[in-house]
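Reproduced below: run_39.cif, with mmCIF, C-alpha atoms.
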```cif
data_start
loop_
_atom_site.label_atom_id
_atom_site.label_comp_id
_atom_site.auth_asym_id
_atom_site.auth_seq_id
_atom_site.Cartn_x
_atom_site.Cartn_y
_atom_site.Cartn_z
CA MET A 71 -5.48 -28.42 29.18
CA THR A 72 -4.53 -25.43 31.37
CA LYS A 73 -0.97 -26.68 31.58
CA MET A 74 -0.89 -27.13 27.79
CA ASN A 75 -2.25 -23.62 27.21
CA ASN A 76 0.53 -22.19 29.36
CA ALA A 77 3.27 -24.24 27.68
CA LYS A 78 5.73 -22.82 25.14
CA PHE A 79 5.56 -23.73 21.44
CA ALA A 80 8.26 -26.41 21.53
CA THR A 81 6.50 -28.19 24.38
CA LYS A 82 3.18 -28.06 22.58
CA ALA A 83 4.79 -29.45 19.45
CA VAL A 84 5.88 -32.52 21.42
CA TRP A 85 2.82 -33.12 23.62
CA ALA A 86 -0.30 -31.48 22.14
CA GLY A 87 -3.08 -33.74 20.92
CA GLU A 88 -1.44 -37.02 21.91
CA LYS A 89 -2.35 -38.02 25.46
CA ASP A 90 -5.83 -39.32 24.65
CA TYR A 91 -4.44 -41.73 22.08
CA LEU A 92 -1.72 -43.40 24.11
CA VAL A 93 -2.77 -46.98 24.84
CA HIS A 94 -1.34 -49.75 27.05
CA GLY A 95 1.34 -47.41 28.36
CA ALA A 96 2.73 -46.55 24.90
CA THR A 97 4.65 -43.28 24.79
CA GLN A 98 3.83 -42.69 21.12
CA VAL A 99 0.51 -42.33 19.30
CA PRO A 100 -0.25 -45.72 17.71
CA VAL A 101 -0.98 -46.18 14.03
CA ILE A 102 -4.53 -47.51 13.84
CA PRO A 103 -5.13 -48.78 10.30
CA SER A 104 -8.58 -50.23 10.95
CA VAL A 105 -11.15 -49.18 8.35
CA ALA A 106 -14.11 -49.81 10.64
CA PHE A 107 -14.75 -49.44 14.36
CA GLY A 108 -17.23 -51.88 15.90
CA TYR A 109 -19.96 -51.48 18.53
CA ASP A 110 -21.94 -54.07 20.46
CA ASP A 111 -24.39 -51.48 21.73
CA MET A 112 -26.58 -50.34 18.81
CA ASP A 113 -27.66 -47.15 20.57
CA GLU A 114 -24.07 -46.14 21.31
CA TRP A 115 -23.14 -46.85 17.68
CA TYR A 116 -25.93 -44.55 16.53
CA GLU A 117 -24.91 -41.76 18.91
CA VAL A 118 -21.34 -41.90 17.59
CA ALA A 119 -22.52 -42.12 13.98
CA VAL A 120 -24.60 -38.96 14.22
CA GLY A 121 -21.92 -37.08 16.13
CA ARG A 122 -23.60 -36.83 19.51
CA LYS A 123 -20.92 -38.93 21.17
CA LYS A 124 -17.17 -39.05 20.63
CA GLY A 125 -15.84 -42.01 18.71
CA HIS A 126 -15.09 -43.41 15.26
CA ILE A 127 -17.15 -45.51 12.90
CA TYR A 128 -15.40 -45.57 9.51
CA GLY A 129 -11.95 -44.59 8.28
CA ARG A 130 -13.13 -42.28 5.51
CA ASN A 131 -14.78 -40.16 8.18
CA THR A 132 -12.38 -40.16 11.13
CA ASN A 133 -9.51 -42.13 12.61
CA PRO A 134 -7.81 -41.91 16.05
CA THR A 135 -4.29 -41.45 14.66
CA VAL A 136 -5.48 -38.81 12.22
CA GLN A 137 -7.40 -37.01 14.94
CA ALA A 138 -4.24 -36.79 17.06
CA PHE A 139 -2.55 -35.04 14.13
CA GLU A 140 -5.48 -32.64 13.73
CA ASP A 141 -5.48 -31.87 17.44
CA LYS A 142 -1.77 -31.05 17.43
CA VAL A 143 -2.07 -28.63 14.50
CA LYS A 144 -5.13 -27.07 16.14
CA VAL A 145 -3.11 -26.26 19.25
CA LEU A 146 -0.07 -24.95 17.36
CA GLU A 147 -2.20 -22.66 15.17
CA LYS A 148 -4.23 -21.43 18.18
CA ALA A 149 -7.44 -22.73 16.61
CA ASN A 150 -10.61 -24.33 17.96
CA ALA A 151 -11.10 -26.96 15.28
CA ALA A 152 -9.22 -28.75 12.51
CA THR A 153 -9.79 -31.29 9.78
CA SER A 154 -7.27 -33.09 7.60
CA PHE A 155 -6.85 -34.25 4.01
CA SER A 156 -4.86 -36.61 1.85
CA THR A 157 -2.75 -33.76 0.39
CA GLY A 158 -2.26 -30.03 0.66
CA MET A 159 -4.10 -29.45 -2.61
CA ALA A 160 -7.03 -31.45 -1.24
CA ALA A 161 -7.13 -29.05 1.72
CA ILE A 162 -7.17 -26.06 -0.64
CA SER A 163 -9.69 -27.41 -3.15
CA ASN A 164 -12.07 -28.88 -0.56
CA THR A 165 -12.11 -25.61 1.35
CA LEU A 166 -12.87 -23.57 -1.75
CA TYR A 167 -15.54 -25.93 -3.06
CA THR A 168 -17.22 -26.11 0.35
CA PHE A 169 -18.10 -22.42 0.37
CA LEU A 170 -18.23 -21.31 -3.27
CA ARG A 171 -21.32 -21.42 -5.48
CA PRO A 172 -22.01 -20.32 -9.09
CA GLY A 173 -22.10 -16.54 -9.25
CA ASP A 174 -19.75 -16.07 -6.28
CA ARG A 175 -16.63 -13.94 -6.38
CA VAL A 176 -13.12 -14.63 -5.04
CA VAL A 177 -10.47 -11.98 -4.42
CA THR A 178 -6.94 -13.30 -4.37
CA ILE A 179 -3.36 -12.40 -5.27
CA LYS A 180 -1.42 -13.04 -8.45
CA ASP A 181 1.30 -15.00 -6.65
CA THR A 182 -0.12 -18.30 -5.47
CA TYR A 183 1.15 -21.86 -5.73
CA GLY A 184 0.76 -23.23 -9.26
CA GLY A 185 -1.89 -25.80 -8.32
CA THR A 186 -3.91 -23.15 -6.49
CA ASN A 187 -3.56 -20.83 -9.46
CA LYS A 188 -4.97 -23.55 -11.75
CA ILE A 189 -8.06 -23.84 -9.55
CA PHE A 190 -8.53 -20.07 -9.87
CA THR A 191 -7.86 -19.83 -13.61
CA GLU A 192 -9.21 -23.14 -14.92
CA PHE A 193 -11.67 -24.86 -12.60
CA LEU A 194 -13.61 -22.12 -10.78
CA PRO A 195 -14.45 -20.18 -13.97
CA LYS A 196 -16.12 -23.35 -15.32
CA LEU A 197 -18.52 -23.09 -12.37
CA ASN A 198 -19.29 -19.45 -13.14
CA ILE A 199 -17.23 -18.27 -10.17
CA GLU A 200 -15.38 -15.02 -10.76
CA VAL A 201 -11.77 -14.78 -9.54
CA VAL A 202 -10.13 -11.36 -9.24
CA PHE A 203 -6.32 -11.28 -9.10
CA CYS A 204 -4.70 -8.41 -7.22
CA GLU A 205 -1.05 -7.44 -7.18
CA THR A 206 0.51 -9.40 -4.34
CA GLY A 207 1.01 -7.16 -1.34
CA ASP A 208 -1.13 -4.34 -2.77
CA VAL A 209 -3.48 -4.00 0.19
CA GLU A 210 -5.33 -1.04 -1.26
CA GLN A 211 -6.22 -2.96 -4.42
CA ILE A 212 -7.30 -5.96 -2.33
CA LYS A 213 -9.48 -3.70 -0.16
CA LYS A 214 -11.02 -2.05 -3.22
CA GLU A 215 -11.90 -5.36 -4.87
CA THR A 216 -13.12 -6.90 -1.63
CA ALA A 217 -15.44 -3.96 -1.00
CA LYS A 218 -17.19 -4.69 -4.31
CA GLY A 219 -18.38 -7.93 -2.71
CA CYS A 220 -16.87 -11.40 -2.51
CA THR A 221 -17.32 -14.73 -0.80
CA ILE A 222 -13.66 -15.54 -0.13
CA VAL A 223 -10.46 -13.52 0.21
CA TYR A 224 -7.65 -16.00 -0.43
CA LEU A 225 -4.07 -15.20 0.57
CA GLU A 226 -0.78 -17.07 0.46
CA THR A 227 1.97 -15.43 2.47
CA PRO A 228 4.86 -15.90 2.07
CA THR A 229 4.19 -16.89 -1.53
CA ASN A 230 5.56 -19.83 -3.47
CA PRO A 231 8.15 -19.39 -4.98
CA THR A 232 9.00 -15.66 -4.79
CA VAL A 233 8.29 -15.33 -1.02
CA LYS A 234 6.26 -12.15 -1.30
CA ILE A 235 4.38 -10.96 1.78
CA THR A 236 0.82 -9.66 2.15
CA ASP A 237 -0.53 -7.82 5.18
CA ILE A 238 -2.90 -10.40 6.68
CA ARG A 239 -4.46 -8.13 9.30
CA ALA A 240 -5.38 -5.41 6.81
CA CYS A 241 -6.85 -7.88 4.33
CA ALA A 242 -8.75 -9.69 7.09
CA GLU A 243 -10.35 -6.43 8.20
CA ALA A 244 -11.42 -5.73 4.61
CA GLY A 245 -12.78 -9.24 4.29
CA LYS A 246 -14.84 -8.96 7.46
CA GLN A 247 -16.34 -5.64 6.32
CA ALA A 248 -17.44 -7.35 3.10
CA GLY A 249 -18.77 -10.42 4.91
CA ALA A 250 -16.19 -12.65 3.23
CA LEU A 251 -14.21 -15.58 4.58
CA VAL A 252 -10.48 -14.89 4.78
CA VAL A 253 -8.40 -17.96 3.97
CA VAL A 254 -4.60 -18.03 4.37
CA ASP A 255 -2.15 -20.65 3.12
CA ASN A 256 0.44 -20.73 5.91
CA THR A 257 2.60 -23.55 4.51
CA PHE A 258 5.77 -21.51 4.02
CA ALA A 259 5.63 -19.66 7.34
CA THR A 260 4.51 -22.60 9.53
CA PRO A 261 2.89 -21.94 12.93
CA VAL A 262 6.41 -21.42 14.28
CA ASN A 263 6.69 -18.12 12.43
CA GLN A 264 3.09 -17.00 11.84
CA ASN A 265 -0.42 -17.54 13.21
CA PRO A 266 -2.89 -15.97 10.75
CA LEU A 267 -5.91 -16.67 12.98
CA THR A 268 -4.51 -14.20 15.53
CA LEU A 269 -4.31 -11.63 12.71
CA GLY A 270 -7.97 -11.97 11.77
CA ALA A 271 -8.03 -14.84 9.26
CA ASP A 272 -10.99 -17.22 9.38
CA LEU A 273 -9.28 -20.34 8.02
CA VAL A 274 -5.64 -21.40 7.81
CA LEU A 275 -4.34 -24.08 5.43
CA HIS A 276 -1.20 -26.17 5.33
CA SER A 277 0.33 -28.66 3.00
CA ALA A 278 1.39 -30.89 5.88
CA THR A 279 3.63 -32.71 3.40
CA LYS A 280 6.08 -29.83 3.71
CA PHE A 281 7.41 -28.29 6.93
CA LEU A 282 4.93 -29.89 9.32
CA GLY A 283 6.06 -33.39 8.38
CA GLY A 284 9.56 -32.23 7.56
CA HIS A 285 10.97 -35.50 6.24
CA ALA A 286 9.53 -35.78 2.71
CA ASP A 287 7.95 -39.17 3.45
CA ALA A 288 4.22 -38.48 3.89
CA LEU A 289 1.50 -36.59 2.04
CA GLY A 290 -1.12 -34.62 3.93
CA GLY A 291 -3.08 -31.41 4.30
CA VAL A 292 -4.97 -29.64 7.06
CA VAL A 293 -7.27 -26.67 7.63
CA VAL A 294 -7.94 -25.01 10.99
CA GLY A 295 -10.20 -22.25 12.25
CA LEU A 296 -11.73 -20.56 15.27
CA ASP A 297 -15.33 -21.08 14.12
CA GLU A 298 -16.06 -24.77 14.55
CA SER A 299 -19.04 -24.60 12.19
CA LEU A 300 -16.75 -23.63 9.29
CA ILE A 301 -14.51 -26.63 9.93
CA GLU A 302 -17.54 -28.89 10.29
CA ALA A 303 -18.76 -27.77 6.85
CA ILE A 304 -15.35 -28.49 5.28
CA TYR A 305 -15.16 -31.84 7.05
CA HIS A 306 -18.59 -32.80 5.71
CA TYR A 307 -17.53 -31.96 2.17
CA ARG A 308 -14.33 -33.96 2.60
CA GLU A 309 -15.96 -37.01 4.19
CA ILE A 310 -18.37 -37.28 1.25
CA ASN A 311 -15.80 -36.51 -1.47
CA GLY A 312 -13.25 -38.81 0.14
CA ALA A 313 -9.90 -36.99 0.27
CA THR A 314 -9.09 -38.66 3.60
CA MET A 315 -5.69 -38.62 5.30
CA ASP A 316 -4.10 -42.03 5.71
CA PRO A 317 -3.37 -42.98 9.36
CA TRP A 318 0.21 -43.97 8.52
CA ALA A 319 0.78 -40.56 6.95
CA ALA A 320 -0.76 -38.95 10.03
CA TYR A 321 1.65 -40.85 12.27
CA LEU A 322 4.69 -39.86 10.21
CA ILE A 323 3.68 -36.20 10.18
CA LEU A 324 2.92 -36.32 13.92
CA ARG A 325 6.40 -37.68 14.54
CA GLY A 326 7.92 -34.97 12.38
CA MET A 327 6.02 -32.22 14.15
CA LYS A 328 7.72 -33.00 17.45
CA THR A 329 10.85 -31.32 16.06
CA LEU A 330 9.02 -28.59 14.13
CA GLU A 331 10.38 -25.64 16.08
CA LEU A 332 13.94 -26.97 16.10
CA ARG A 333 13.88 -27.63 12.36
CA VAL A 334 12.19 -24.41 11.26
CA LYS A 335 14.44 -22.17 13.34
CA ARG A 336 17.56 -23.86 11.93
CA GLN A 337 16.17 -23.67 8.40
CA ALA A 338 15.43 -19.96 8.83
CA GLU A 339 18.95 -19.32 10.10
CA ASN A 340 20.39 -21.11 7.09
CA ALA A 341 18.09 -19.28 4.68
CA GLN A 342 19.11 -15.90 6.09
CA LYS A 343 22.81 -16.71 5.71
CA LEU A 344 22.40 -18.16 2.23
CA ALA A 345 20.30 -15.22 1.03
CA ALA A 346 22.98 -12.77 2.23
CA TYR A 347 25.67 -14.76 0.41
CA LEU A 348 23.66 -15.03 -2.81
CA GLN A 349 23.37 -11.24 -2.94
CA THR A 350 27.14 -11.14 -3.50
CA VAL A 351 27.14 -13.57 -6.45
CA GLU A 352 27.72 -11.90 -9.80
CA GLU A 353 25.61 -14.38 -11.77
CA ILE A 354 22.49 -13.69 -9.69
CA GLU A 355 20.09 -10.98 -10.78
CA THR A 356 17.68 -10.99 -7.82
CA VAL A 357 17.41 -12.70 -4.43
CA PHE A 358 13.94 -13.16 -2.91
CA TYR A 359 13.88 -13.53 0.88
CA PRO A 360 11.75 -11.48 3.31
CA GLY A 361 14.54 -11.51 5.89
CA LEU A 362 16.64 -9.22 3.70
CA ILE A 363 16.33 -5.54 4.59
CA ASP A 364 15.89 -4.58 0.94
CA HIS A 365 13.03 -7.03 0.40
CA PRO A 366 10.03 -4.83 -0.54
CA ASN A 367 7.82 -6.46 2.11
CA HIS A 368 10.47 -6.74 4.85
CA GLU A 369 8.70 -4.44 7.32
CA ILE A 370 5.34 -6.21 6.93
CA ALA A 371 7.08 -9.56 7.41
CA LYS A 372 8.69 -8.25 10.61
CA ALA A 373 5.32 -7.07 11.89
CA GLN A 374 3.33 -10.29 11.33
CA MET A 375 5.98 -13.00 11.51
CA SER A 376 8.29 -14.10 14.32
CA GLY A 377 10.81 -15.49 11.82
CA PHE A 378 11.33 -15.30 8.08
CA GLY A 379 11.27 -19.01 7.27
CA GLY A 380 13.45 -21.48 5.42
CA MET A 381 12.34 -20.65 1.87
CA LEU A 382 14.07 -18.36 -0.59
CA SER A 383 14.54 -18.07 -4.32
CA PHE A 384 16.87 -16.32 -6.73
CA ALA A 385 16.97 -15.52 -10.42
CA VAL A 386 20.16 -16.23 -12.38
CA ALA A 387 21.47 -14.48 -15.47
CA GLY A 388 21.35 -16.76 -18.47
CA GLY A 389 17.98 -18.23 -17.55
CA VAL A 390 17.31 -21.91 -18.07
CA ASP A 391 20.78 -22.60 -19.49
CA THR A 392 22.42 -21.41 -16.26
CA VAL A 393 19.97 -23.48 -14.21
CA ARG A 394 20.91 -26.58 -16.24
CA HIS A 395 24.61 -26.08 -15.53
CA LEU A 396 24.33 -24.96 -11.91
CA LEU A 397 21.95 -27.29 -10.10
CA PRO A 398 23.66 -30.62 -10.93
CA LYS A 399 26.85 -29.23 -9.33
CA LEU A 400 25.31 -29.01 -5.86
CA ALA A 401 26.45 -31.84 -3.59
CA PHE A 402 24.22 -31.21 -0.58
CA ALA A 403 20.85 -30.57 -2.22
CA ASN A 404 18.07 -32.67 -3.67
CA ARG A 405 16.94 -31.52 -7.10
CA ALA A 406 13.26 -32.30 -6.54
CA ALA A 407 9.73 -30.86 -6.48
CA ASN A 408 9.36 -30.66 -2.72
CA LEU A 409 10.14 -28.31 0.15
CA GLY A 410 10.28 -28.14 3.93
CA ALA A 411 12.38 -31.28 4.41
CA VAL A 412 15.45 -31.66 6.61
CA GLU A 413 17.57 -31.83 3.44
CA THR A 414 18.13 -28.75 1.31
CA THR A 415 16.01 -29.01 -1.83
CA VAL A 416 16.33 -26.94 -5.00
CA GLY A 417 14.53 -26.61 -8.29
CA PRO A 418 13.27 -24.13 -10.89
CA ALA A 419 9.63 -23.05 -10.76
CA ARG A 420 9.15 -24.53 -14.24
CA THR A 421 9.55 -28.05 -12.77
CA THR A 422 8.35 -27.47 -9.18
CA SER A 423 5.80 -24.95 -7.92
CA HIS A 424 4.47 -23.84 -11.33
CA VAL A 425 5.07 -26.83 -13.57
CA GLU A 426 1.36 -26.75 -14.47
CA CYS A 427 1.70 -23.24 -15.89
CA THR A 428 2.97 -22.10 -19.27
CA PRO A 429 6.08 -19.87 -19.57
CA GLN A 430 3.71 -17.01 -20.38
CA GLU A 431 1.63 -17.65 -17.27
CA ARG A 432 4.75 -17.79 -15.12
CA ALA A 433 6.00 -14.55 -16.63
CA ALA A 434 2.66 -12.87 -15.86
CA MET A 435 3.16 -13.88 -12.22
CA GLY A 436 6.67 -12.40 -12.18
CA ILE A 437 8.42 -15.78 -12.18
CA PRO A 438 11.43 -15.77 -14.54
CA GLU A 439 12.45 -19.04 -16.21
CA GLY A 440 15.84 -18.67 -14.53
CA LEU A 441 14.34 -18.61 -11.03
CA ILE A 442 15.59 -21.26 -8.59
CA ARG A 443 13.63 -22.08 -5.44
CA VAL A 444 15.64 -23.16 -2.39
CA SER A 445 14.20 -24.93 0.62
CA CYS A 446 16.99 -24.77 3.17
CA GLY A 447 17.55 -27.89 5.23
CA ILE A 448 19.02 -28.35 8.68
CA GLU A 449 22.59 -28.92 7.46
CA ASP A 450 25.39 -26.72 8.76
CA GLY A 451 24.86 -23.27 7.24
CA GLU A 452 28.52 -22.90 6.30
CA ASP A 453 28.38 -26.16 4.37
CA ILE A 454 25.32 -24.99 2.42
CA ILE A 455 27.05 -21.75 1.43
CA ALA A 456 30.28 -23.56 0.53
CA ASP A 457 28.28 -25.96 -1.63
CA PHE A 458 26.68 -23.11 -3.56
CA LYS A 459 30.07 -21.41 -3.96
CA GLN A 460 31.67 -24.48 -5.51
CA ALA A 461 28.63 -25.04 -7.71
CA PHE A 462 28.83 -21.53 -9.14
CA GLU A 463 32.57 -21.93 -9.76
CA ALA A 464 32.10 -25.32 -11.43
CA ALA A 465 29.28 -23.97 -13.59
CA LYS A 466 31.53 -21.12 -14.75
CA ILE A 467 34.24 -23.56 -15.83
CA GLU A 468 31.74 -25.73 -17.69
CA VAL A 469 30.27 -22.79 -19.59
#
```

Structure rendered as structure tokens:
Amino acid sequence: MTKMNNAKFATKAVWAGEKDYLVHGATQVPVIPSVAFGYDDMDEWYEVAVGRKKGHIYGRNTNPTVQAFEDKVKVLEKANAATSFSTGMAAISNTLYTFLRPGDRVVTIKDTYGGTNKIFTEFLPKLNIEVVFCETGDVEQIKKETAKGCTIVYLETPTNPTVKITDIRACAEAGKQAGALVVVDNTFATPVNQNPLTLGADLVLHSATKFLGGHADALGGVVVGLDESLIEAIYHYREINGATMDPWAAYLILRGMKTLELRVKRQAENAQKLAAYLQTVEEIETVFYPGLIDHPNHEIAKAQMSGFGGMLSFAVAGGVDTVRHLLPKLAFANRAANLGAVETTVGPARTTSHVECTPQERAAMGIPEGLIRVSCGIEDGEDIIADFKQAFEAAKIEV
């Protein structure tokens, strides 16, 4: 463990969490699909079942392949404990429902992923849980509302899809003063670019489907923290409610994570170049990318991130009509509701991140109907830019 603690990120991404699960000389973590794990010794079985001894009894609870995935994320996020889920939304919802009770109060930001926003606007109010929405990045408003009392401060930074940034450290300090849990969705940044636990957050979430897996072939979610009791509480809620990660998905995401640093750094390089190019395009009204100097949260991003990530978005003049003409012209991009994959992926918020929301709800969150989200892949950056150039030219001719 000492050697692992002293290793650099890329080395940890390859080796962390895996050694204990290599069997018969295998160099890769095996996929163990067994639902049940048998014991001849009844006393040993009981000790494992009640958690006094390491081991596995039933797949809905734990699984060796899944645990290897959890252990790897735990190391990369500098956490002490982790538990996994079938999807990213399962990680978010299970975490919220573990700690919230009728009469509680949540302080969050206006810009959150569409599914998260639906939990805040539709599901929690039905349980008599108040949700207060602050302007994203407005730390003073977040501090003011947190000081009134709350159970959870929930942040997403960078946000999906407009990549806004919120000061994690400042919000975490406010949360601690109020006795609240500070939860951060770190999906866009990844542990390559940001470690919210080191900035004061209590819990960090990921849709592992996205950058962690990186190949758009497995669904998963994960939450990590420094306080093991918090993770144990979330795990207990999940094991009873059943949103368990599949071992095959865990294996695929584990395999993808070995190249996490390589992929994310290349994606960030491509996003920076593409964002700079898009600022020169006449048909574009606004480019959203924290790596741009004129991004309103650029300095905060520099302070709490080691890279600006592979996600950006831009709003086109002409709205939905321009989107309809432009996107089909791209040759090297999937038009799909996903992100974080090795291939560049594009799509409007109205069919991706905020498809669950009405046009009015999207407008209230500052998401124009002509906004296009871009998840940069690992292709050659010059090819990505050339592809967008020809797409804009072809769209002009068509119009």

Separation of atom CA of Thr97 of chain A from atom CA of Gly283 of chain A, in Å and rounded to one decimal | 19.2 Å

Closest to Leu441 of chain A among A:Phe458, A:Thr356, A:Val84, A:Gly377, using only C-alpha atoms?
->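 Ranking A:Phe458, A:Thr356, A:Val84, A:Gly377 by distance to Leu441 of chain A, first place goes to A:Thr356.
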
Contact residues around Leu382 of chain A with all atoms listed in the file at 9 Å, ignoring same-chain residues under 5 positions, as a ChimeraX atom specification | /A:231-233,341-342,344-345,357-360,442-446

Which neighbours of Thr168 of chain A fall inside 8 Å, counting all atoms listed in the file, when residues of the same chain fewer than 6 positions from it are skipped, and could you give them as number ranges by chain?
-> A: 303-304, 307

Selected by the PyMOL selection byres ((chain A and resi 413) around 8) in the shown coordinates: which residues, as a PDB file with C-alpha atoms, in the frame of the given file?
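Contents of expr_30.pdb, freshly written:
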```
ATOM      1  CA  PHE A 402      24.220 -31.210  -0.580  1.00  0.00           C
ATOM      2  CA  ALA A 403      20.850 -30.570  -2.220  1.00  0.00           C
ATOM      3  CA  ASN A 404      18.070 -32.670  -3.670  1.00  0.00           C
ATOM      4  CA  ALA A 411      12.380 -31.280   4.410  1.00  0.00           C
ATOM      5  CA  VAL A 412      15.450 -31.660   6.610  1.00  0.00           C
ATOM      6  CA  THR A 414      18.130 -28.750   1.310  1.00  0.00           C
ATOM      7  CA  THR A 415      16.010 -29.010  -1.830  1.00  0.00           C
ATOM      8  CA  CYS A 446      16.990 -24.770   3.170  1.00  0.00           C
ATOM      9  CA  GLY A 447      17.550 -27.890   5.230  1.00  0.00           C
ATOM     10  CA  ILE A 448      19.020 -28.350   8.680  1.00  0.00           C
ATOM     11  CA  GLU A 449      22.590 -28.920   7.460  1.00  0.00           C
TER      12      GLU A 449
END
```

File output, segment 318-324 of chain A (all heavy atoms) as a PDB file, in the first residue's frame:
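Listed below is the output, decode.pdb:
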```pdb
ATOM      1  N   TRP A 318     -20.062  -7.724 -14.896  1.00  0.00           N
ATOM      2  CA  TRP A 318     -19.510  -7.526 -16.236  1.00  0.00           C
ATOM      3  C   TRP A 318     -19.301  -6.040 -16.509  1.00  0.00           C
ATOM      4  O   TRP A 318     -18.287  -5.635 -17.080  1.00  0.00           O
ATOM      5  CB  TRP A 318     -20.415  -8.155 -17.286  1.00  0.00           C
ATOM      6  CG  TRP A 318     -19.914  -7.985 -18.680  1.00  0.00           C
ATOM      7  CD1 TRP A 318     -20.478  -7.238 -19.666  1.00  0.00           C
ATOM      8  CD2 TRP A 318     -18.712  -8.544 -19.259  1.00  0.00           C
ATOM      9  NE1 TRP A 318     -19.728  -7.294 -20.807  1.00  0.00           N
ATOM     10  CE2 TRP A 318     -18.640  -8.092 -20.590  1.00  0.00           C
ATOM     11  CE3 TRP A 318     -17.720  -9.383 -18.770  1.00  0.00           C
ATOM     12  CZ2 TRP A 318     -17.603  -8.456 -21.447  1.00  0.00           C
ATOM     13  CZ3 TRP A 318     -16.677  -9.730 -19.622  1.00  0.00           C
ATOM     14  CH2 TRP A 318     -16.631  -9.272 -20.933  1.00  0.00           C
ATOM     15  N   ALA A 319     -20.257  -5.215 -16.068  1.00  0.00           N
ATOM     16  CA  ALA A 319     -20.092  -3.771 -16.211  1.00  0.00           C
ATOM     17  C   ALA A 319     -18.884  -3.294 -15.406  1.00  0.00           C
ATOM     18  O   ALA A 319     -18.102  -2.459 -15.873  1.00  0.00           O
ATOM     19  CB  ALA A 319     -21.359  -3.047 -15.757  1.00  0.00           C
ATOM     20  N   ALA A 320     -18.722  -3.838 -14.205  1.00  0.00           N
ATOM     21  CA  ALA A 320     -17.577  -3.459 -13.377  1.00  0.00           C
ATOM     22  C   ALA A 320     -16.267  -3.789 -14.081  1.00  0.00           C
ATOM     23  O   ALA A 320     -15.311  -2.998 -14.066  1.00  0.00           O
ATOM     24  CB  ALA A 320     -17.646  -4.186 -12.025  1.00  0.00           C
ATOM     25  N   TYR A 321     -16.213  -4.952 -14.712  1.00  0.00           N
ATOM     26  CA  TYR A 321     -14.994  -5.344 -15.433  1.00  0.00           C
ATOM     27  C   TYR A 321     -14.710  -4.388 -16.589  1.00  0.00           C
ATOM     28  O   TYR A 321     -13.571  -3.942 -16.784  1.00  0.00           O
ATOM     29  CB  TYR A 321     -15.136  -6.769 -15.966  1.00  0.00           C
ATOM     30  CG  TYR A 321     -14.062  -7.119 -16.977  1.00  0.00           C
ATOM     31  CD1 TYR A 321     -12.779  -7.438 -16.568  1.00  0.00           C
ATOM     32  CD2 TYR A 321     -14.343  -7.084 -18.349  1.00  0.00           C
ATOM     33  CE1 TYR A 321     -11.791  -7.724 -17.489  1.00  0.00           C
ATOM     34  CE2 TYR A 321     -13.351  -7.374 -19.274  1.00  0.00           C
ATOM     35  CZ  TYR A 321     -12.076  -7.688 -18.848  1.00  0.00           C
ATOM     36  OH  TYR A 321     -11.098  -7.970 -19.766  1.00  0.00           O
ATOM     37  N   LEU A 322     -15.738  -4.067 -17.374  1.00  0.00           N
ATOM     38  CA  LEU A 322     -15.539  -3.177 -18.515  1.00  0.00           C
ATOM     39  C   LEU A 322     -15.072  -1.792 -18.076  1.00  0.00           C
ATOM     40  O   LEU A 322     -14.183  -1.187 -18.695  1.00  0.00           O
ATOM     41  CB  LEU A 322     -16.835  -3.066 -19.325  1.00  0.00           C
ATOM     42  CG  LEU A 322     -17.264  -4.315 -20.099  1.00  0.00           C
ATOM     43  CD1 LEU A 322     -18.656  -4.120 -20.692  1.00  0.00           C
ATOM     44  CD2 LEU A 322     -16.256  -4.641 -21.198  1.00  0.00           C
ATOM     45  N   ILE A 323     -15.666  -1.294 -16.988  1.00  0.00           N
ATOM     46  CA  ILE A 323     -15.265   0.027 -16.508  1.00  0.00           C
ATOM     47  C   ILE A 323     -13.858  -0.026 -15.916  1.00  0.00           C
ATOM     48  O   ILE A 323     -13.050   0.891 -16.114  1.00  0.00           O
ATOM     49  CB  ILE A 323     -16.287   0.566 -15.492  1.00  0.00           C
ATOM     50  CG1 ILE A 323     -17.646   0.742 -16.175  1.00  0.00           C
ATOM     51  CG2 ILE A 323     -15.829   1.904 -14.920  1.00  0.00           C
ATOM     52  CD1 ILE A 323     -18.784   1.058 -15.223  1.00  0.00           C
ATOM     53  N   LEU A 324     -13.541  -1.103 -15.192  1.00  0.00           N
ATOM     54  CA  LEU A 324     -12.171  -1.294 -14.694  1.00  0.00           C
ATOM     55  C   LEU A 324     -11.162  -1.244 -15.834  1.00  0.00           C
ATOM     56  O   LEU A 324     -10.121  -0.589 -15.736  1.00  0.00           O
ATOM     57  CB  LEU A 324     -12.070  -2.649 -13.994  1.00  0.00           C
ATOM     58  CG  LEU A 324     -12.256  -2.741 -12.490  1.00  0.00           C
ATOM     59  CD1 LEU A 324     -12.331  -4.190 -12.068  1.00  0.00           C
ATOM     60  CD2 LEU A 324     -11.125  -2.027 -11.759  1.00  0.00           C
TER      61      LEU A 324
END
```
